[in-house]
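Worksheet: the structure to be examined is printed underneath.
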Amino acid sequence: MSQTKIEEPKTDILKLADQDGQFRRKASQFRNFISSDPSSPFPAENDRYVVYINYGCPWAHRVNILLHLKGLTSVIPTIIVDCQLVPNGWSFTGNDGSATADPLYGFKHLRDIYLKADPEYTGRFTVPCLWDKKKETVVSNESSEILRMLYSEFDAFIPEDRKESVRPLFPKHLQKEIEEMNEWVYNTVNNGVYKTGFATTQAAYEEHVHVLFASLDRLEKHLEGPGHAPYLFGEHITEADIRLFTTLIRFDVAYVTIFKCNLKMIRYEYPKLHDWLRRLYWDEGEESNGGAFKKTTYFDLIKKGYVLATKAPNAIIPAGPLHSILPL
Ligand SMILES: N[C@@H](CCC(=O)N[C@@H](CS)C(=O)NCC(=O)O)C(=O)O
């Protein structure tokens, strides 16, 4: 008789850098799209989808901002996992805004959601993770694509003035420029902080830290360009602002100290980026639909999440900076 083997996780969750000290982000594996077309495999419906997030992760934060900006928080509710990455991955502990168990299936770990969708899944168990309650599967675990499907596919469920046709986050005439910016900002800033902070050799760290700051210098210059203020592409918030915000709001409070991205700080050395960042954070008016950026930012959990992920000196959470964000 063959013995029943208990399956160990195939992914070493706490191993972030490769053998050569470089952090290489793996491509997301669930890449389906929700559509407003009722005959599509994943049609937009009220209360059919949920998205697993935590409050530390910048990729999950993008999605949470978008749900608030669009007024979709009750159409696609979020389910929160805690901010500590343990050997079994993200979990439900009752801490950091999470429930004590997954409200859908009673699971203790997010990995069980992925394995329910595909028992053979070998990728990483990441947030954000968009789940279809009807088909009981993961629709997508790629934040950049989750953003895109939320722009217009759920327009039937939101007020007129939030629809993509009225207040576009990815306007036709800017798409090429936004795509171009996404490319270098993703590689050198959004993911650049991780390549720097998760590096485990001096050479890998130094390879990425200078590239990161060269891109911040480039962004600072960009904001001086015609039509590039107060938001990255003019008078209104676009996708480019959302994607950069979730990295820069973490910069002075977490990446400078915990990820050693410490050649400069946003608040002291990047006046234009600093203005841009504070305007987004503090806005509680129409542009941010009543504070989408502020309401979704949890500075303490951001710090905690990175300290625990990197085991930064003795897992002590730095007290500073004195103000997580300065007034406008
Ligand atoms: N490309 C993904 C990346 C998501 C991602 O890496 N999330 C991190 C949290 S910041 C995660 O869940 N890491 C857990 C792991 O890799 O095991 C996206 O943009 O959605």
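By convention in this document, the chains of the structure tokens carry letters A, B, ... by their order, each chain's residues are numbered from 1, and ligands are numbered from 1 in the order they are shown.
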For ligand 1, return the neighbouring residues as a compact mmCIF listing (two decimals) with N, CA and C atoms, in the first residue's frame (distance at most 10 Å; only C-alpha atoms and all ligand atoms).
# COMPACT_ATOMS: atom_id res chain seq x y z
N THR A 11 6.82 26.03 -3.51
CA THR A 11 7.56 27.27 -3.59
C THR A 11 8.14 27.59 -2.23
N ASP A 12 9.44 27.96 -2.19
CA ASP A 12 10.02 28.39 -0.92
C ASP A 12 9.65 29.86 -0.74
N ILE A 13 8.62 30.08 0.09
CA ILE A 13 8.00 31.39 0.18
C ILE A 13 8.95 32.46 0.70
N LEU A 14 9.82 32.07 1.64
CA LEU A 14 10.65 33.10 2.27
C LEU A 14 11.97 33.32 1.53
N LYS A 15 12.18 32.58 0.43
CA LYS A 15 13.42 32.79 -0.35
C LYS A 15 13.11 33.82 -1.44
N LEU A 16 13.63 35.02 -1.24
CA LEU A 16 13.24 36.10 -2.14
C LEU A 16 14.29 36.33 -3.23
N ARG A 25 11.54 39.10 -10.09
CA ARG A 25 10.11 38.88 -9.90
C ARG A 25 9.59 37.91 -10.94
N LYS A 26 8.83 36.92 -10.50
CA LYS A 26 8.29 35.92 -11.43
C LYS A 26 7.02 36.46 -12.09
N ALA A 27 6.80 36.07 -13.31
CA ALA A 27 5.59 36.53 -14.01
C ALA A 27 4.35 35.93 -13.36
N SER A 28 3.28 36.72 -13.24
CA SER A 28 2.03 36.21 -12.68
C SER A 28 1.45 35.16 -13.62
N GLN A 29 0.74 34.16 -13.04
CA GLN A 29 0.29 33.04 -13.89
C GLN A 29 -1.19 33.05 -14.26
N TYR A 52 -8.34 39.52 -2.92
CA TYR A 52 -7.52 39.34 -1.73
C TYR A 52 -6.36 40.34 -1.79
N ILE A 53 -6.21 41.10 -0.71
CA ILE A 53 -5.11 42.07 -0.66
C ILE A 53 -4.55 42.09 0.77
N ASN A 54 -3.42 42.75 0.94
CA ASN A 54 -3.08 43.20 2.29
C ASN A 54 -2.73 44.67 2.20
N TYR A 55 -2.57 45.31 3.37
CA TYR A 55 -2.38 46.76 3.36
C TYR A 55 -0.90 47.16 3.22
N GLY A 56 0.00 46.17 3.21
CA GLY A 56 1.41 46.52 3.07
C GLY A 56 1.85 46.60 1.62
N CYS A 57 1.27 45.76 0.79
CA CYS A 57 1.77 45.52 -0.57
C CYS A 57 1.40 46.64 -1.56
N PRO A 58 2.39 47.16 -2.27
CA PRO A 58 2.10 48.24 -3.22
C PRO A 58 1.29 47.80 -4.44
N TRP A 59 1.43 46.53 -4.83
CA TRP A 59 0.71 46.03 -6.01
C TRP A 59 -0.77 45.86 -5.64
N ALA A 60 -1.03 45.39 -4.43
CA ALA A 60 -2.41 45.26 -3.96
C ALA A 60 -3.01 46.64 -3.72
N HIS A 61 -2.16 47.56 -3.26
CA HIS A 61 -2.62 48.93 -2.97
C HIS A 61 -3.15 49.60 -4.24
N ARG A 62 -2.50 49.33 -5.39
CA ARG A 62 -2.99 49.89 -6.66
C ARG A 62 -4.47 49.55 -6.86
N VAL A 63 -4.79 48.28 -6.62
CA VAL A 63 -6.15 47.80 -6.87
C VAL A 63 -7.12 48.42 -5.86
N CYS A 83 -0.06 41.13 7.25
CA CYS A 83 1.11 41.70 6.55
C CYS A 83 2.38 40.90 6.75
N GLN A 84 2.30 39.78 7.46
CA GLN A 84 3.52 39.02 7.71
C GLN A 84 3.60 37.80 6.80
N LEU A 85 4.66 37.77 6.00
CA LEU A 85 4.87 36.62 5.11
C LEU A 85 5.50 35.49 5.92
N VAL A 86 4.75 34.42 6.15
CA VAL A 86 5.27 33.27 6.93
C VAL A 86 5.54 32.12 5.96
N PRO A 87 6.15 31.02 6.41
CA PRO A 87 6.51 29.95 5.46
C PRO A 87 5.33 29.45 4.61
N ASN A 88 4.14 29.54 5.10
CA ASN A 88 2.99 29.14 4.28
C ASN A 88 2.37 30.32 3.54
N GLY A 89 3.03 31.45 3.56
CA GLY A 89 2.56 32.60 2.78
C GLY A 89 1.64 33.50 3.57
N TRP A 90 0.91 34.32 2.85
CA TRP A 90 -0.02 35.26 3.50
C TRP A 90 -1.09 34.47 4.24
N LEU A 110 -3.62 32.11 2.23
CA LEU A 110 -4.00 32.46 0.86
C LEU A 110 -3.59 31.36 -0.13
N ARG A 111 -2.53 30.64 0.18
CA ARG A 111 -2.08 29.60 -0.75
C ARG A 111 -3.20 28.58 -1.03
N GLY A 123 3.34 28.56 -8.96
CA GLY A 123 3.82 29.95 -8.87
C GLY A 123 3.80 30.45 -7.43
N ARG A 124 4.00 31.73 -7.27
CA ARG A 124 3.99 32.32 -5.94
C ARG A 124 2.55 32.70 -5.56
N PHE A 125 2.30 32.70 -4.27
CA PHE A 125 0.94 32.95 -3.78
C PHE A 125 0.84 34.43 -3.42
N THR A 126 0.63 35.25 -4.42
CA THR A 126 0.75 36.70 -4.24
C THR A 126 -0.60 37.41 -4.07
N VAL A 127 -0.52 38.59 -3.46
CA VAL A 127 -1.62 39.55 -3.50
C VAL A 127 -1.21 40.64 -4.49
N PRO A 128 -2.12 41.26 -5.20
CA PRO A 128 -3.56 41.02 -5.19
C PRO A 128 -3.92 39.73 -5.95
N CYS A 129 -5.07 39.16 -5.54
CA CYS A 129 -5.54 37.93 -6.17
C CYS A 129 -7.06 38.09 -6.36
N LEU A 130 -7.46 38.19 -7.60
CA LEU A 130 -8.88 38.43 -7.93
C LEU A 130 -9.59 37.09 -8.10
N SER A 140 -7.29 36.63 -11.94
CA SER A 140 -6.01 37.25 -12.26
C SER A 140 -5.23 37.52 -10.98
N ASN A 141 -3.92 37.35 -11.05
CA ASN A 141 -3.08 37.79 -9.93
C ASN A 141 -2.02 38.77 -10.43
N GLU A 142 -2.39 39.54 -11.45
CA GLU A 142 -1.48 40.53 -12.01
C GLU A 142 -2.13 41.92 -11.86
N SER A 143 -1.57 42.72 -10.96
CA SER A 143 -2.21 44.00 -10.62
C SER A 143 -2.39 44.92 -11.83
N SER A 144 -1.39 44.97 -12.71
CA SER A 144 -1.50 45.90 -13.84
C SER A 144 -2.69 45.54 -14.72
N GLU A 145 -3.00 44.25 -14.81
CA GLU A 145 -4.14 43.83 -15.64
C GLU A 145 -5.46 43.93 -14.87
N ILE A 146 -5.42 43.73 -13.56
CA ILE A 146 -6.64 43.93 -12.77
C ILE A 146 -7.07 45.39 -12.88
N LEU A 147 -6.10 46.30 -12.83
CA LEU A 147 -6.44 47.73 -12.99
C LEU A 147 -7.18 47.93 -14.30
N TYR A 186 8.14 50.83 -14.06
CA TYR A 186 8.00 49.48 -13.48
C TYR A 186 9.38 48.87 -13.22
N ASN A 190 9.09 50.92 -9.44
CA ASN A 190 8.15 50.02 -8.73
C ASN A 190 8.86 48.71 -8.33
N ASN A 191 9.54 48.11 -9.30
CA ASN A 191 10.26 46.88 -9.02
C ASN A 191 11.70 47.19 -8.65
N TYR A 194 12.47 46.90 -5.03
CA TYR A 194 12.59 45.49 -4.59
C TYR A 194 13.93 44.90 -5.00
N ARG A 243 0.01 54.06 -10.33
CA ARG A 243 1.13 53.12 -10.29
C ARG A 243 2.36 53.68 -9.59
N ILE A 302 2.68 49.18 6.41
CA ILE A 302 3.69 49.20 5.36
C ILE A 302 5.06 48.93 5.97
N GLY A 305 5.30 45.32 7.36
CA GLY A 305 5.39 44.30 6.31
C GLY A 305 6.80 44.18 5.77
N TYR A 306 7.45 45.31 5.51
CA TYR A 306 8.80 45.24 4.93
C TYR A 306 9.84 44.79 5.94
N ALA A 309 9.46 41.09 6.11
CA ALA A 309 9.87 40.40 4.88
C ALA A 309 11.38 40.35 4.74
Using DSSP on the backbone, list every residue of segment 257-297 of chain A that comes out as helix (DSSP H, G or I), and give them as an MDAnalysis selection string.
chainID A and resid 266:269 271:282 292:295
Can you check which parts of segment 173-282 of chain A lie within 12 Å of segment 148-154 of chain A? Per residue, the shortest pair of atoms and distance in Å to one decimal, counting only C-alpha atoms, sorted by chain and number, as a tab-separated table.
residue	atom	partner	partner_atom	distance
A:Gln175	CA	A:Arg148	CA	11.9
A:Thr238	CA	A:Tyr151	CA	10.6
A:Glu239	CA	A:Arg148	CA	8.8
A:Ala240	CA	A:Arg148	CA	11.9
A:Ile242	CA	A:Arg148	CA	11.9
A:Arg243	CA	A:Arg148	CA	11.8
Could you make a table, as JSON lines, of the residues of segment 160-225 of chain A that have an atom within 12 Å of an atom of segment 273-280 of chain A, each with its nearest atom pair and distance in Å to one decimal, counting only C-alpha atoms, in chain and number order?
{"residue": "A:Ser215", "atom": "CA", "partner": "A:Leu273", "partner_atom": "CA", "distance": 11.9}
{"residue": "A:Leu216", "atom": "CA", "partner": "A:Leu273", "partner_atom": "CA", "distance": 8.5}
{"residue": "A:Asp217", "atom": "CA", "partner": "A:Leu273", "partner_atom": "CA", "distance": 9.5}
{"residue": "A:Arg218", "atom": "CA", "partner": "A:Leu273", "partner_atom": "CA", "distance": 10.5}
{"residue": "A:Leu219", "atom": "CA", "partner": "A:Leu273", "partner_atom": "CA", "distance": 7.5}
{"residue": "A:Glu220", "atom": "CA", "partner": "A:Leu273", "partner_atom": "CA", "distance": 5.8}
{"residue": "A:Lys221", "atom": "CA", "partner": "A:Leu273", "partner_atom": "CA", "distance": 9.3}
{"residue": "A:His222", "atom": "CA", "partner": "A:Leu273", "partner_atom": "CA", "distance": 9.6}
{"residue": "A:Leu223", "atom": "CA", "partner": "A:Leu273", "partner_atom": "CA", "distance": 7.5}
{"residue": "A:Glu224", "atom": "CA", "partner": "A:Leu273", "partner_atom": "CA", "distance": 10.0}
For Arg250 of chain A, which residue out of A:Thr297, A:Thr78, A:Asn46, A:Thr188 is the nearest one, using only C-alpha atoms?
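Looking only at the distances to Arg250 of chain A, the closest residue turns out to be A:Thr297.
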Among listed residues A:Leu232, A:Ile325, A:Val75, A:Ile317, nearest Lys272 of chain A (using only C-alpha atoms):
A:Leu232
Mind giving me the straight-line distance from atom CA of Arg267 of chain A to atom CA of Gly197 of chain A in Å, one decimal?
20.0 Å
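Considering only C-alpha atoms, the residue among A:Phe245, A:Tyr105, A:Phe251, A:Phe170 positioned nearest to Phe233 of chain A is A:Phe170.
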Which residue of A:Phe157, A:Tyr205, A:Phe293, A:Phe30 approaches Lys260 of chain A most closely, using only C-alpha atoms
A:Tyr205
DSSP says strand (DSSP E or B) for which residues of segment 20-84 of chain A? Put them as a PyMOL selection string?
chain A and resi 31+35+43+49-53+78-80
Selected residues written out with C-alpha atoms, as a PDB file, in the first residue's frame:
ATOM      1  CA  ARG A  31      -4.134  36.189 -16.621  1.00  0.00           C
ATOM      2  CA  SER A  35     -15.549  41.733 -19.476  1.00  0.00           C
ATOM      3  CA  PRO A  43     -18.651  38.641 -17.109  1.00  0.00           C
ATOM      4  CA  TYR A  49     -15.746  38.731  -7.526  1.00  0.00           C
ATOM      5  CA  VAL A  50     -13.593  39.502  -4.484  1.00  0.00           C
ATOM      6  CA  VAL A  51      -9.988  40.578  -4.324  1.00  0.00           C
ATOM      7  CA  TYR A  52      -7.518  39.341  -1.729  1.00  0.00           C
ATOM      8  CA  ILE A  53      -5.112  42.074  -0.656  1.00  0.00           C
ATOM      9  CA  THR A  78     -11.678  43.185  -0.623  1.00  0.00           C
ATOM     10  CA  ILE A  79     -10.622  40.342   1.662  1.00  0.00           C
ATOM     11  CA  ILE A  80      -7.633  41.263   3.806  1.00  0.00           C
TER      12      ILE A  80
END
